[in-house]
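In what follows, a single structure is set out as structure tokens and then discussed.
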Amino acid sequence: MKDKFYSYIQNLQDTITKKLEEVDGIATFQEDIWKRPEGGGGRTRVIENGAVFEKGGVNISAVHGELPKSMQNYFGVADADFFACGLSLVLHPKNPFAPTVHANWRYFEMYDKDGTIVDQWFGGGQDLTPYYLFEEDASHFHRVCQEACNKHHHDFYKTYKEKCDSYFWNAHRNEARGIGGLFFDYCKTNSEMDMEAWFNFVTDIGDSFLRGYVPIVTKRKDIPYQQEHRDWQEIRRGRYVEFNLVHDKGTLFGLKTNGRIESILMSLPPHVQWRYDHHPEKGSEEEKLIQVLKHPVAWV
């Protein structure tokens, strides 16, 4: 399964970066191959200063070795080895009317000292972070997520949409990071789904990403904007940074397993503002976004 999924994310990385370069029209992805001293490595691809994408990364990694003590304590195991692979992407468009997007699809195995698999699971999801709210964009993104989920179980969209709203919640701000999407983790063999079924589900979600995002960024990338729109975008990007550094499990896992720091932090936007006690004007488009972020919406 680990070889099968790693092969899938290698191909998916190629598909996604090729399409995003077409959307941008100018910039191309810079590729770095890196090795992890304890075992494994990855292929990082970053795009910067393009016509559409101010910064973005589409990274794959496959790492293995002894599970660090901090993670052993987290999982409640002792003397365990692990294998983890996944694709993680974040795209920050230049235009404030085009949303940031994040996605991740991953697979994890844990072994005893004899090398026997003692646990395995899939995880992942995708979510949208707009700076200006276009309800038709939110509905489109969620509809694509729903259609991919419905091929496997009609409860999946509702369940994983709610998990996404709960997970991408900036508790210290009492607001969502964005308008959500899907989030799933610890997808293990059960009475309804074996690991092959989970593989089919996760890969269908991965394959749906471009259908969900590209029409939105294509529609919004050329809307005229003013400096005030950029200022708002950069203030909201600050909240994005706060979530990734305070709450995000993937970031924390990468840091605790001695991952490549440049790849882990590629999700951070290049231009950000933190303004003291900032509040948008009453009745503005900016305030409209904040109201939605305070109370998750059923988009489909």
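How things are named: the first chain in the structure tokens is A, the next is B, and so on; residues count from 1 in each chain; ligands count from 1 in the order shown.
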
Give me the residues within 12 Å of Ala197 of chain A as number ranges by chain, counting only C-alpha atoms and dropping any in the same chain fewer than 5 places off. A: 1, 121-122, 151-153, 187-192, 202-204

How would the residues just picked look written out with C-alpha atoms as a compact mmCIF listing (two decimals), in the first residue's frame?
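Result went into out-v3.txt, see below:
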# COMPACT_ATOMS: atom_id res chain seq x y z
CA MET A 1 0.00 0.00 0.00
CA TRP A 121 -4.26 4.84 8.15
CA PHE A 122 -4.99 7.51 5.56
CA LYS A 151 -18.93 8.03 -4.80
CA HIS A 152 -17.86 6.22 -1.62
CA HIS A 153 -20.35 6.98 1.18
CA CYS A 187 -9.06 6.34 8.17
CA LYS A 188 -8.48 2.69 9.10
CA THR A 189 -9.96 -0.67 8.17
CA ASN A 190 -13.46 -1.07 9.60
CA SER A 191 -16.61 -3.06 8.90
CA GLU A 192 -17.42 -0.93 5.83
CA VAL A 202 -8.45 9.40 -0.82
CA THR A 203 -7.25 9.27 -4.43
CA ASP A 204 -10.66 10.36 -5.70

All residues 10 Å or closer to segment 248-261 of chain A, only C-alpha atoms, same chain fewer than 4 positions away omitted, as an mmCIF file with N, CA, C and O atoms, in the first residue's frame:
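In the end it all went to out.cif:
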data_model
loop_
_atom_site.group_PDB
_atom_site.id
_atom_site.type_symbol
_atom_site.label_atom_id
_atom_site.label_comp_id
_atom_site.auth_asym_id
_atom_site.auth_seq_id
_atom_site.Cartn_x
_atom_site.Cartn_y
_atom_site.Cartn_z
ATOM 1 N N TRP A 34 15.322 16.499 -1.583
ATOM 2 C CA TRP A 34 15.994 16.540 -0.288
ATOM 3 C C TRP A 34 15.963 15.178 0.395
ATOM 4 O O TRP A 34 15.101 14.345 0.113
ATOM 5 N N LYS A 35 16.932 14.965 1.237
ATOM 6 C CA LYS A 35 17.044 13.721 1.988
ATOM 7 C C LYS A 35 16.919 14.007 3.480
ATOM 8 O O LYS A 35 17.423 15.015 3.978
ATOM 9 N N ARG A 36 16.270 13.107 4.179
ATOM 10 C CA ARG A 36 16.166 13.184 5.637
ATOM 11 C C ARG A 36 17.220 12.253 6.246
ATOM 12 O O ARG A 36 17.231 11.054 5.928
ATOM 13 N N PRO A 37 18.104 12.764 7.104
ATOM 14 C CA PRO A 37 19.189 11.933 7.641
ATOM 15 C C PRO A 37 18.711 10.645 8.307
ATOM 16 O O PRO A 37 19.340 9.593 8.175
ATOM 17 N N GLU A 38 17.557 10.703 8.977
ATOM 18 C CA GLU A 38 17.060 9.512 9.677
ATOM 19 C C GLU A 38 16.371 8.511 8.753
ATOM 20 O O GLU A 38 16.038 7.404 9.165
ATOM 21 N N GLY A 40 14.544 8.531 4.393
ATOM 22 C CA GLY A 40 13.558 9.084 3.476
ATOM 23 C C GLY A 40 13.936 10.451 2.954
ATOM 24 O O GLY A 40 15.083 10.889 3.044
ATOM 25 N N GLY A 41 12.945 11.131 2.410
ATOM 26 C CA GLY A 41 13.188 12.444 1.831
ATOM 27 C C GLY A 41 11.962 12.916 1.076
ATOM 28 O O GLY A 41 10.846 12.461 1.332
ATOM 29 N N GLY A 42 12.196 13.818 0.121
ATOM 30 C CA GLY A 42 11.043 14.341 -0.581
ATOM 31 C C GLY A 42 11.410 15.157 -1.799
ATOM 32 O O GLY A 42 12.591 15.325 -2.136
ATOM 33 N N THR A 44 10.312 18.812 -3.247
ATOM 34 C CA THR A 44 9.632 20.078 -3.018
ATOM 35 C C THR A 44 9.583 20.873 -4.312
ATOM 36 O O THR A 44 10.594 21.004 -5.008
ATOM 37 N N SER A 61 6.589 13.905 0.108
ATOM 38 C CA SER A 61 7.647 13.358 0.956
ATOM 39 C C SER A 61 7.299 11.929 1.323
ATOM 40 O O SER A 61 6.130 11.528 1.321
ATOM 41 N N VAL A 63 8.967 9.584 4.440
ATOM 42 C CA VAL A 63 9.970 9.516 5.504
ATOM 43 C C VAL A 63 9.710 8.282 6.365
ATOM 44 O O VAL A 63 8.577 7.815 6.490
ATOM 45 N N HIS A 64 10.786 7.778 6.967
ATOM 46 C CA HIS A 64 10.655 6.557 7.772
ATOM 47 C C HIS A 64 11.768 6.501 8.805
ATOM 48 O O HIS A 64 12.738 7.260 8.747
ATOM 49 N N GLY A 65 11.616 5.583 9.753
ATOM 50 C CA GLY A 65 12.626 5.411 10.787
ATOM 51 C C GLY A 65 11.981 5.203 12.138
ATOM 52 O O GLY A 65 10.805 4.818 12.242
ATOM 53 N N GLU A 66 12.736 5.472 13.175
ATOM 54 C CA GLU A 66 12.219 5.340 14.534
ATOM 55 C C GLU A 66 11.299 6.501 14.850
ATOM 56 O O GLU A 66 11.632 7.660 14.593
ATOM 57 N N LEU A 67 10.143 6.186 15.395
ATOM 58 C CA LEU A 67 9.196 7.239 15.760
ATOM 59 C C LEU A 67 9.773 8.043 16.927
ATOM 60 O O LEU A 67 10.141 7.469 17.958
ATOM 61 N N PRO A 68 9.911 9.376 16.760
ATOM 62 C CA PRO A 68 10.476 10.186 17.845
ATOM 63 C C PRO A 68 9.694 10.017 19.148
ATOM 64 O O PRO A 68 8.492 9.739 19.139
ATOM 65 N N LYS A 69 10.391 10.203 20.273
ATOM 66 C CA LYS A 69 9.784 9.991 21.590
ATOM 67 C C LYS A 69 8.524 10.831 21.771
ATOM 68 O O LYS A 69 7.532 10.368 22.340
ATOM 69 N N SER A 70 8.558 12.065 21.294
ATOM 70 C CA SER A 70 7.390 12.926 21.456
ATOM 71 C C SER A 70 6.174 12.351 20.738
ATOM 72 O O SER A 70 5.045 12.428 21.231
ATOM 73 N N MET A 71 6.420 11.741 19.560
ATOM 74 C CA MET A 71 5.314 11.141 18.813
ATOM 75 C C MET A 71 4.900 9.809 19.411
ATOM 76 O O MET A 71 3.730 9.428 19.354
ATOM 77 N N SER A 88 1.451 17.645 0.077
ATOM 78 C CA SER A 88 0.904 18.817 0.746
ATOM 79 C C SER A 88 1.083 20.029 -0.153
ATOM 80 O O SER A 88 2.163 20.225 -0.718
ATOM 81 N N ASN A 104 -3.956 18.362 1.423
ATOM 82 C CA ASN A 104 -2.989 17.375 1.893
ATOM 83 C C ASN A 104 -3.631 16.008 1.835
ATOM 84 O O ASN A 104 -4.780 15.833 2.230
ATOM 85 N N TYR A 167 -11.577 21.504 12.721
ATOM 86 C CA TYR A 167 -10.119 21.464 12.751
ATOM 87 C C TYR A 167 -9.500 22.821 12.411
ATOM 88 O O TYR A 167 -8.622 23.307 13.122
ATOM 89 N N PHE A 168 -9.942 23.427 11.314
ATOM 90 C CA PHE A 168 -9.355 24.701 10.878
ATOM 91 C C PHE A 168 -10.021 25.874 11.603
ATOM 92 O O PHE A 168 -10.545 26.809 10.994
ATOM 93 N N TRP A 169 -9.984 25.789 12.913
ATOM 94 C CA TRP A 169 -10.605 26.782 13.776
ATOM 95 C C TRP A 169 -9.515 27.444 14.605
ATOM 96 O O TRP A 169 -8.823 26.794 15.374
ATOM 97 N N ASN A 170 -9.352 28.746 14.438
ATOM 98 C CA ASN A 170 -8.379 29.491 15.223
ATOM 99 C C ASN A 170 -9.002 29.795 16.585
ATOM 100 O O ASN A 170 -9.663 30.817 16.769
ATOM 101 N N VAL A 241 -1.149 32.377 9.069
ATOM 102 C CA VAL A 241 0.136 32.047 9.683
ATOM 103 C C VAL A 241 -0.065 31.599 11.129
ATOM 104 O O VAL A 241 0.532 30.614 11.583
ATOM 105 N N GLU A 242 -0.907 32.311 11.852
ATOM 106 C CA GLU A 242 -1.151 31.959 13.250
ATOM 107 C C GLU A 242 -1.652 30.524 13.372
ATOM 108 O O GLU A 242 -1.188 29.761 14.223
ATOM 109 N N PHE A 243 -2.598 30.141 12.532
ATOM 110 C CA PHE A 243 -3.116 28.777 12.609
ATOM 111 C C PHE A 243 -2.006 27.760 12.343
ATOM 112 O O PHE A 243 -1.855 26.779 13.081
ATOM 113 N N ASN A 244 -1.241 27.981 11.276
ATOM 114 C CA ASN A 244 -0.232 26.994 10.901
ATOM 115 C C ASN A 244 0.832 26.803 11.970
ATOM 116 O O ASN A 244 1.332 25.696 12.168
ATOM 117 N N LEU A 265 7.665 24.964 6.103
ATOM 118 C CA LEU A 265 7.202 26.345 6.221
ATOM 119 C C LEU A 265 6.920 27.009 4.876
ATOM 120 O O LEU A 265 6.699 28.221 4.821
ATOM 121 N N MET A 266 6.902 26.218 3.801
ATOM 122 C CA MET A 266 6.584 26.820 2.498
ATOM 123 C C MET A 266 5.141 27.306 2.457
ATOM 124 O O MET A 266 4.759 28.074 1.576
ATOM 125 N N SER A 267 4.326 26.872 3.427
ATOM 126 C CA SER A 267 2.921 27.291 3.450
ATOM 127 C C SER A 267 2.748 28.747 3.867
ATOM 128 O O SER A 267 1.661 29.308 3.717
#

List the neighbours of segment 223-240 of chain A out to 12 Å using only C-alpha atoms; skip same-chain residues closer than 5 positions along the sequence, and give me the result as a ChimeraX atom specification. /A:52,90-102,128-133,168-178,216-218,245-248,267-281,284-287,289-290,293

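For the pair atom CA of Phe156 of chain A and atom CA of Phe184 of chain A, the interatomic distance is 9.2 Å.
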
Using atom CA of Lys294 of chain A and atom CA of Arg211 of chain A as the two end points, give the distance in Å to one decimal. 27.3 Å

How far is it from atom CA of Asp14 of chain A to atom CA of Val144 of chain A, in Å with one decimal?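 Rounded to one decimal, the two atoms are 21.1 Å apart.
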
Considering only C-alpha atoms, can you say which of A:Ile9, A:Ile16, A:Val300, A:Val58 comes closest to Gln30 of chain A? A:Val58
